[in-house]
Every structure is written in C-alpha cells, then in structure tokens.
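J.: Next comes entry.cif, mmCIF, C-alpha atoms, pLDDT in the B column; chains and numbers go by the auth columns:
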```cif
data_input
loop_
_atom_site.group_PDB
_atom_site.id
_atom_site.type_symbol
_atom_site.label_atom_id
_atom_site.label_comp_id
_atom_site.label_asym_id
_atom_site.label_seq_id
_atom_site.Cartn_x
_atom_site.Cartn_y
_atom_site.Cartn_z
_atom_site.B_iso_or_equiv
_atom_site.auth_seq_id
_atom_site.auth_asym_id
ATOM 1 C CA MET A 1 -63.740 19.422 -229.669 73.00 2 A
ATOM 2 C CA SER A 2 -67.310 18.782 -230.693 91.00 3 A
ATOM 3 C CA VAL A 3 -70.711 17.970 -229.310 96.00 4 A
ATOM 4 C CA ASP A 4 -73.014 15.799 -231.398 96.00 5 A
ATOM 5 C CA TRP A 5 -76.686 16.300 -230.567 97.00 6 A
ATOM 6 C CA ALA A 6 -77.906 14.545 -233.733 95.00 7 A
ATOM 7 C CA GLY A 7 -78.543 11.245 -231.944 95.00 8 A
ATOM 8 C CA TRP A 8 -80.597 12.798 -229.116 97.00 9 A
ATOM 9 C CA PRO A 9 -81.453 11.499 -226.547 97.00 10 A
ATOM 10 C CA VAL A 10 -77.949 10.032 -226.834 97.00 11 A
ATOM 11 C CA LEU A 11 -75.374 12.758 -227.197 96.00 12 A
ATOM 12 C CA HIS A 12 -71.651 12.551 -227.776 97.00 13 A
ATOM 13 C CA VAL A 13 -69.103 14.939 -226.279 97.00 14 A
ATOM 14 C CA HIS A 14 -65.676 14.786 -227.884 96.00 15 A
ATOM 15 C CA ALA A 15 -63.376 16.788 -225.614 94.00 16 A
ATOM 16 C CA ALA A 16 -60.260 14.610 -225.890 91.00 17 A
ATOM 17 C CA ASP A 17 -58.338 17.335 -227.724 92.00 18 A
ATOM 18 C CA LEU A 18 -58.831 19.914 -224.983 93.00 19 A
ATOM 19 C CA PRO A 19 -56.804 20.543 -221.827 91.00 20 A
ATOM 20 C CA HIS A 20 -58.399 18.800 -218.839 85.00 21 A
ATOM 21 C CA GLY A 21 -59.885 21.969 -217.330 86.00 22 A
ATOM 22 C CA GLU A 22 -61.524 23.013 -220.581 90.00 23 A
ATOM 23 C CA ALA A 23 -62.787 19.474 -221.182 90.00 24 A
ATOM 24 C CA ARG A 24 -64.392 19.331 -217.726 88.00 25 A
ATOM 25 C CA ALA A 25 -66.005 22.749 -218.250 89.00 26 A
ATOM 26 C CA LEU A 26 -67.352 21.662 -221.646 93.00 27 A
ATOM 27 C CA VAL A 27 -68.892 18.503 -220.172 93.00 28 A
ATOM 28 C CA VAL A 28 -70.562 20.462 -217.359 92.00 29 A
ATOM 29 C CA GLY A 29 -71.936 22.983 -219.870 94.00 30 A
ATOM 30 C CA VAL A 30 -73.263 20.277 -222.190 96.00 31 A
ATOM 31 C CA LEU A 31 -74.930 18.450 -219.302 96.00 32 A
ATOM 32 C CA GLU A 32 -76.577 21.710 -218.197 96.00 33 A
ATOM 33 C CA GLU A 33 -77.866 22.228 -221.729 97.00 34 A
ATOM 34 C CA ALA A 34 -79.134 18.637 -221.936 97.00 35 A
ATOM 35 C CA LEU A 35 -80.951 19.006 -218.621 97.00 36 A
ATOM 36 C CA GLU A 36 -82.730 22.101 -219.943 97.00 37 A
ATOM 37 C CA ARG A 37 -84.504 19.835 -222.426 96.00 38 A
ATOM 38 C CA ASP A 38 -86.243 18.269 -219.417 96.00 39 A
ATOM 39 C CA GLU A 39 -86.317 14.717 -220.783 96.00 40 A
ATOM 40 C CA PRO A 40 -84.291 11.522 -220.267 97.00 41 A
ATOM 41 C CA PHE A 41 -80.919 11.369 -222.026 98.00 42 A
ATOM 42 C CA GLY A 42 -77.512 9.733 -221.949 97.00 43 A
ATOM 43 C CA ALA A 43 -74.059 11.020 -222.846 97.00 44 A
ATOM 44 C CA ALA A 44 -70.904 9.450 -224.215 97.00 45 A
ATOM 45 C CA VAL A 45 -67.902 11.526 -223.179 95.00 46 A
ATOM 46 C CA GLU A 46 -64.399 11.406 -224.613 93.00 47 A
ATOM 47 C CA MET A 47 -61.990 13.113 -222.223 87.00 48 A
ATOM 48 C CA PRO A 48 -58.241 13.750 -222.547 83.00 49 A
ATOM 49 C CA TRP A 49 -56.061 10.772 -221.627 76.00 50 A
ATOM 50 C CA GLY A 50 -53.408 10.846 -218.995 67.00 51 A
ATOM 51 C CA ALA A 51 -53.128 12.854 -215.833 59.00 52 A
ATOM 52 C CA PRO A 52 -54.248 16.459 -215.812 57.00 53 A
ATOM 53 C CA ALA A 53 -51.400 18.948 -215.818 51.00 54 A
ATOM 54 C CA GLU A 54 -53.089 21.076 -213.149 48.00 55 A
ATOM 55 C CA ARG A 55 -54.035 19.898 -209.698 48.00 56 A
ATOM 56 C CA GLY A 56 -56.689 21.589 -207.591 51.00 57 A
ATOM 57 C CA GLY A 57 -57.032 25.307 -208.111 58.00 58 A
ATOM 58 C CA GLY A 58 -60.072 27.508 -208.392 68.00 59 A
ATOM 59 C CA GLU A 59 -61.176 26.160 -211.765 69.00 60 A
ATOM 60 C CA ALA A 60 -61.307 22.564 -210.531 67.00 61 A
ATOM 61 C CA VAL A 61 -63.172 23.602 -207.368 79.00 62 A
ATOM 62 C CA GLN A 62 -65.768 25.485 -209.454 81.00 63 A
ATOM 63 C CA GLN A 63 -66.294 22.429 -211.645 76.00 64 A
ATOM 64 C CA VAL A 64 -66.742 20.168 -208.618 80.00 65 A
ATOM 65 C CA ARG A 65 -69.366 22.591 -207.304 89.00 66 A
ATOM 66 C CA ALA A 66 -71.075 22.657 -210.699 88.00 67 A
ATOM 67 C CA VAL A 67 -71.289 18.850 -210.782 88.00 68 A
ATOM 68 C CA ARG A 68 -72.611 18.848 -207.218 91.00 69 A
ATOM 69 C CA ASN A 69 -75.333 21.303 -208.295 94.00 70 A
ATOM 70 C CA LEU A 70 -76.185 19.195 -211.359 94.00 71 A
ATOM 71 C CA ARG A 71 -76.341 15.909 -209.442 94.00 72 A
ATOM 72 C CA PRO A 72 -80.026 16.030 -208.351 95.00 73 A
ATOM 73 C CA ARG A 73 -81.208 16.812 -211.888 96.00 74 A
ATOM 74 C CA LEU A 74 -78.845 14.232 -213.387 96.00 75 A
ATOM 75 C CA ALA A 75 -80.279 11.640 -210.996 95.00 76 A
ATOM 76 C CA GLU A 76 -83.719 12.514 -212.337 96.00 77 A
ATOM 77 C CA ARG A 77 -83.011 12.811 -216.085 96.00 78 A
ATOM 78 C CA CYS A 78 -79.672 11.259 -217.028 96.00 79 A
ATOM 79 C CA ARG A 79 -79.894 7.540 -217.752 96.00 80 A
ATOM 80 C CA GLY A 80 -76.146 7.135 -218.070 95.00 81 A
ATOM 81 C CA LEU A 81 -72.754 8.680 -218.650 95.00 82 A
ATOM 82 C CA VAL A 82 -70.144 6.656 -220.487 95.00 83 A
ATOM 83 C CA PHE A 83 -66.531 7.722 -220.453 93.00 84 A
ATOM 84 C CA VAL A 84 -64.821 6.515 -223.620 94.00 85 A
ATOM 85 C CA LEU A 85 -61.288 5.484 -222.678 90.00 86 A
ATOM 86 C CA PRO A 86 -58.789 2.879 -223.846 88.00 87 A
ATOM 87 C CA VAL A 87 -58.636 -0.182 -221.575 88.00 88 A
ATOM 88 C CA GLY A 88 -55.332 0.921 -220.014 87.00 89 A
ATOM 89 C CA GLU A 89 -56.806 4.272 -219.038 86.00 90 A
ATOM 90 C CA GLN A 90 -59.916 2.549 -217.664 87.00 91 A
ATOM 91 C CA GLU A 91 -57.687 0.520 -215.365 87.00 92 A
ATOM 92 C CA ARG A 92 -55.723 3.601 -214.339 86.00 93 A
ATOM 93 C CA HIS A 93 -58.912 5.487 -213.467 81.00 94 A
ATOM 94 C CA ALA A 94 -60.830 2.485 -212.061 83.00 95 A
ATOM 95 C CA LYS A 95 -61.396 4.007 -208.613 83.00 96 A
ATOM 96 C CA VAL A 96 -62.873 7.206 -210.031 79.00 97 A
ATOM 97 C CA LEU A 97 -64.981 5.291 -212.555 81.00 98 A
ATOM 98 C CA ARG A 98 -66.404 3.036 -209.817 83.00 99 A
ATOM 99 C CA SER A 99 -67.519 6.071 -207.809 84.00 100 A
ATOM 100 C CA GLY A 100 -69.086 7.748 -210.826 83.00 101 A
ATOM 101 C CA ASP A 101 -72.685 7.088 -209.763 85.00 102 A
ATOM 102 C CA GLN A 102 -72.052 8.867 -206.461 89.00 103 A
ATOM 103 C CA VAL A 103 -70.252 11.753 -208.122 89.00 104 A
ATOM 104 C CA TRP A 104 -72.669 12.325 -211.003 91.00 105 A
ATOM 105 C CA GLY A 105 -75.918 10.981 -209.572 93.00 106 A
ATOM 106 C CA CYS A 106 -76.594 8.659 -212.501 93.00 107 A
ATOM 107 C CA PRO A 107 -75.194 5.343 -213.747 93.00 108 A
ATOM 108 C CA THR A 108 -71.705 5.612 -215.196 92.00 109 A
ATOM 109 C CA MET A 109 -69.416 3.230 -216.974 92.00 110 A
ATOM 110 C CA ALA A 110 -66.367 3.169 -219.191 93.00 111 A
ATOM 111 C CA ALA A 111 -66.202 1.873 -222.739 94.00 112 A
ATOM 112 C CA ASP A 112 -63.291 1.513 -225.101 93.00 113 A
ATOM 113 C CA THR A 113 -65.248 2.636 -228.189 95.00 114 A
ATOM 114 C CA SER A 114 -67.882 5.265 -228.934 94.00 115 A
ATOM 115 C CA GLU A 115 -70.057 2.579 -230.504 96.00 116 A
ATOM 116 C CA ALA A 116 -70.048 0.510 -227.312 96.00 117 A
ATOM 117 C CA ALA A 117 -70.861 3.652 -225.326 96.00 118 A
ATOM 118 C CA ARG A 118 -73.824 4.539 -227.545 96.00 119 A
ATOM 119 C CA ASP A 119 -75.108 0.941 -227.477 96.00 120 A
ATOM 120 C CA TRP A 120 -75.091 0.902 -223.669 96.00 121 A
ATOM 121 C CA LEU A 121 -76.800 4.293 -223.512 97.00 122 A
ATOM 122 C CA ARG A 122 -79.501 3.236 -225.974 96.00 123 A
ATOM 123 C CA SER A 123 -80.192 0.121 -223.890 96.00 124 A
ATOM 124 C CA ARG A 124 -80.478 2.253 -220.730 95.00 125 A
ATOM 125 C CA LEU A 125 -82.941 4.571 -222.459 95.00 126 A
ATOM 126 C CA GLU A 126 -84.968 1.644 -223.824 93.00 127 A
ATOM 127 C CA GLU A 127 -85.225 0.200 -220.305 88.00 128 A
ATOM 128 C CA ASP A 128 -86.621 3.551 -219.208 73.00 129 A
ATOM 129 C CA VAL A 129 -89.427 3.337 -221.784 66.00 130 A
ATOM 130 C CA VAL A 130 -90.558 -0.147 -220.757 53.00 131 A
#
```
I need this file expressed as structure tokens, please.
T.:
Amino acid sequence: MSVDWAGWPVLHVHAADLPHGEARALVVGVLEEALERDEPFGAAVEMPWGAPAERGGGEAVQQVRAVRNLRPRLAERCRGLVFVLPVGEQERHAKVLRSGDQVWGCPTMAADTSEAARDWLRSRLEEDVV
C-alpha cells in the first residue's frame, strides 16, 4: 500500500495489496486529503482484483456515505479518477465503471496500466488550464 503525491496534481494510490474494505477506506481518505489542497487534481487508483470477500455491512455503508459527502467537492476539484485494472477485470466491473461519474461526481475511466492512467489524467488537467 502506498500513496504517491510526488506527481501532484496527479496522484497515485496503490491499494491493490489491501483487503477491499481497507482499500476503499484508503481511497476515501486520500481523496479527502487531496480536496483539502483546494486545487484541481486527478488520481490513479489501483484496487484489489476480484470480488470483495465481505458484502454490505457497516464499513461498506460508511464508505458509501463518505463518497456521497465527497461528491460535490470532487465534482468541483477532481478532473478524473482512473481505476487501474487488467482488461478482464475492467470487463467484469464494466457496469460499475460506467456509472463512476455519477458515483464519484467526476469523470472516471479504467486503464490497464498506471502509465496510461497518468497520461489520461495529465490530459484532463491540461484541458482544464486551457
């Protein structure tokens, strides 16, 4: 698990080694921290592959509420979230990925490499400057 802020305003969250619940909590926390900077940014996120072991529960409900609370500020400041997943996982999670803009409040997409994710995010941020 790591968070790379060195490329700000593009940040990279590597949570693929964590259980799903911890990974989701890390992403929410990092997005909160990024929003505190009060400037446009984008994030590449590596989540665990496969289905989460837990379903529902209090932890998942809290994280859904946290994302709901972040959504207005993400719509204002986040220029994109990219979920880094292998192609097979992208297909498996296609429905969720397509609804990402509605869930997060900012443009979302999936990429199969971190480099592709960062390239897309940089282009989104450059568009914002023009």
J.: If you count all atoms listed in the file, which residues fall within 12 Å of stretch 63-68 of chain A, apart from same-chain ones fewer than 4 positions away, as a list in words?
T.: His21, Gly22, Glu23, Ala24, Arg25, Ala26, Leu27, Val28, Val29, Gly30, Val31, Leu32, Glu33, Gly57, Gly58, Gly59, Arg72, Pro73, Arg74, Leu75, Ala76, Gly101, Asp102, Gln103, Val104, Trp105, Gly106 and Cys107 of chain A
J.: Just want the 12 Å neighbourhood of stretch 39-43 of chain A, counted on all atoms listed in the file, with same-chain residues fewer than 5 positions away dropped. Output as an MDAnalysis selection string.
T.: chainID A and resid 6 8:14 31:34 74:84 107:110 118:130
J.: What is the atom CA of A:Leu86-atom CA of A:Ala117 distance in Å, reported with one decimal?
T.: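 For atom CA of A:Leu86 relative to atom CA of A:Ala117, the distance reads 11.1 Å.
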J.: Can you list, as a list in words, the residues that the PyMOL selection byres ((chain A and resi 48) around 6) selects here?
T.: Ala16, Ala17, Glu47 and Pro49 of chain A
J.: Can you measure atom CA of A:Gln91 to atom CA of A:Leu71 for me? One decimal in Å is fine.
T.: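 So the answer is 24.1 Å.
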J.: Would you please work out which residue, of A:Ala111, A:Leu19, A:Val62, A:Met2, is nearest to A:Val85 when using only C-alpha atoms?
T.: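 That would be A:Ala111, the residue with the smallest distance to A:Val85.
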J.: Tell me, in Å to one decimal, how far atom CA of A:Ser115 is from atom CA of A:Val46.
T.: 8.5 Å
J.: Counting all atoms listed in the file, figure out which residue out of A:Asn70, A:Gly89, A:Ser3, A:Pro20 gets nearest to A:Leu36.
T.: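 Comparing A:Asn70, A:Gly89, A:Ser3, A:Pro20 against A:Leu36, the winner is A:Asn70.
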J.: Could you add N, CA and C atoms to stretch 4-35 of chain A and give me the result as an mmCIF file, in the coordinates of the input?
T.:
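Full text of selection28.cif as output:
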```
data_model
loop_
_atom_site.group_PDB
_atom_site.id
_atom_site.type_symbol
_atom_site.label_atom_id
_atom_site.label_comp_id
_atom_site.auth_asym_id
_atom_site.auth_seq_id
_atom_site.Cartn_x
_atom_site.Cartn_y
_atom_site.Cartn_z
ATOM 1 N N VAL A 4 -69.577 18.565 -230.004
ATOM 2 C CA VAL A 4 -70.711 17.970 -229.310
ATOM 3 C C VAL A 4 -71.712 17.586 -230.386
ATOM 4 N N ASP A 5 -72.076 16.309 -230.399
ATOM 5 C CA ASP A 5 -73.014 15.799 -231.398
ATOM 6 C C ASP A 5 -74.369 15.557 -230.732
ATOM 7 N N TRP A 6 -75.330 16.401 -231.090
ATOM 8 C CA TRP A 6 -76.686 16.300 -230.567
ATOM 9 C C TRP A 6 -77.591 15.532 -231.527
ATOM 10 N N ALA A 7 -77.077 15.150 -232.680
ATOM 11 C CA ALA A 7 -77.906 14.545 -233.733
ATOM 12 C C ALA A 7 -78.585 13.253 -233.285
ATOM 13 N N GLY A 8 -77.972 12.514 -232.380
ATOM 14 C CA GLY A 8 -78.543 11.245 -231.944
ATOM 15 C C GLY A 8 -79.392 11.353 -230.687
ATOM 16 N N TRP A 9 -79.812 12.584 -230.342
ATOM 17 C CA TRP A 9 -80.597 12.798 -229.116
ATOM 18 C C TRP A 9 -81.696 11.757 -229.012
ATOM 19 N N PRO A 10 -81.884 11.136 -227.896
ATOM 20 C CA PRO A 10 -81.453 11.499 -226.547
ATOM 21 C C PRO A 10 -80.072 10.968 -226.144
ATOM 22 N N VAL A 11 -79.342 10.411 -227.091
ATOM 23 C CA VAL A 11 -77.949 10.032 -226.834
ATOM 24 C C VAL A 11 -77.076 11.108 -227.459
ATOM 25 N N LEU A 12 -76.268 11.747 -226.652
ATOM 26 C CA LEU A 12 -75.374 12.758 -227.197
ATOM 27 C C LEU A 12 -73.934 12.329 -226.993
ATOM 28 N N HIS A 13 -73.064 12.925 -227.798
ATOM 29 C CA HIS A 13 -71.651 12.551 -227.776
ATOM 30 C C HIS A 13 -70.818 13.813 -227.592
ATOM 31 N N VAL A 14 -69.979 13.806 -226.576
ATOM 32 C CA VAL A 14 -69.103 14.939 -226.279
ATOM 33 C C VAL A 14 -67.673 14.501 -226.552
ATOM 34 N N HIS A 15 -67.064 15.101 -227.563
ATOM 35 C CA HIS A 15 -65.676 14.786 -227.884
ATOM 36 C C HIS A 15 -64.814 15.949 -227.391
ATOM 37 N N ALA A 16 -64.204 15.752 -226.215
ATOM 38 C CA ALA A 16 -63.376 16.788 -225.614
ATOM 39 C C ALA A 16 -61.941 16.311 -225.428
ATOM 40 N N ALA A 17 -61.579 15.219 -226.086
ATOM 41 C CA ALA A 17 -60.260 14.610 -225.890
ATOM 42 C C ALA A 17 -59.111 15.507 -226.336
ATOM 43 N N ASP A 18 -59.395 16.463 -227.218
ATOM 44 C CA ASP A 18 -58.338 17.335 -227.724
ATOM 45 C C ASP A 18 -58.102 18.562 -226.847
ATOM 46 N N LEU A 19 -58.918 18.730 -225.841
ATOM 47 C CA LEU A 19 -58.831 19.914 -224.983
ATOM 48 C C LEU A 19 -57.969 19.652 -223.752
ATOM 49 N N PRO A 20 -57.431 20.707 -223.148
ATOM 50 C CA PRO A 20 -56.804 20.543 -221.827
ATOM 51 C C PRO A 20 -57.873 20.076 -220.838
ATOM 52 N N HIS A 21 -57.455 19.392 -219.789
ATOM 53 C CA HIS A 21 -58.399 18.800 -218.839
ATOM 54 C C HIS A 21 -59.420 19.808 -218.304
ATOM 55 N N GLY A 22 -58.968 20.974 -217.897
ATOM 56 C CA GLY A 22 -59.885 21.969 -217.330
ATOM 57 C C GLY A 22 -60.952 22.387 -218.317
ATOM 58 N N GLU A 23 -60.554 22.630 -219.549
ATOM 59 C CA GLU A 23 -61.524 23.013 -220.581
ATOM 60 C C GLU A 23 -62.471 21.862 -220.891
ATOM 61 N N ALA A 24 -61.950 20.647 -220.909
ATOM 62 C CA ALA A 24 -62.787 19.474 -221.182
ATOM 63 C C ALA A 24 -63.842 19.317 -220.091
ATOM 64 N N ARG A 25 -63.430 19.446 -218.834
ATOM 65 C CA ARG A 25 -64.392 19.331 -217.726
ATOM 66 C C ARG A 25 -65.456 20.419 -217.816
ATOM 67 N N ALA A 26 -65.044 21.648 -218.132
ATOM 68 C CA ALA A 26 -66.005 22.749 -218.250
ATOM 69 C C ALA A 26 -66.974 22.506 -219.398
ATOM 70 N N LEU A 27 -66.478 21.972 -220.511
ATOM 71 C CA LEU A 27 -67.352 21.662 -221.646
ATOM 72 C C LEU A 27 -68.391 20.621 -221.244
ATOM 73 N N VAL A 28 -67.971 19.566 -220.575
ATOM 74 C CA VAL A 28 -68.892 18.503 -220.172
ATOM 75 C C VAL A 28 -69.970 19.062 -219.247
ATOM 76 N N VAL A 29 -69.589 19.867 -218.269
ATOM 77 C CA VAL A 29 -70.562 20.462 -217.359
ATOM 78 C C VAL A 29 -71.555 21.322 -218.146
ATOM 79 N N GLY A 30 -71.060 22.134 -219.069
ATOM 80 C CA GLY A 30 -71.936 22.983 -219.870
ATOM 81 C C GLY A 30 -72.897 22.193 -220.733
ATOM 82 N N VAL A 31 -72.409 21.121 -221.344
ATOM 83 C CA VAL A 31 -73.263 20.277 -222.190
ATOM 84 C C VAL A 31 -74.324 19.584 -221.342
ATOM 85 N N LEU A 32 -73.946 19.101 -220.172
ATOM 86 C CA LEU A 32 -74.930 18.450 -219.302
ATOM 87 C C LEU A 32 -75.997 19.446 -218.851
ATOM 88 N N GLU A 33 -75.595 20.680 -218.557
ATOM 89 C CA GLU A 33 -76.577 21.710 -218.197
ATOM 90 C C GLU A 33 -77.553 21.930 -219.347
ATOM 91 N N GLU A 34 -77.021 22.025 -220.551
ATOM 92 C CA GLU A 34 -77.866 22.228 -221.729
ATOM 93 C C GLU A 34 -78.808 21.038 -221.950
ATOM 94 N N ALA A 35 -78.299 19.833 -221.772
ATOM 95 C CA ALA A 35 -79.134 18.637 -221.936
ATOM 96 C C ALA A 35 -80.252 18.614 -220.893
#
```
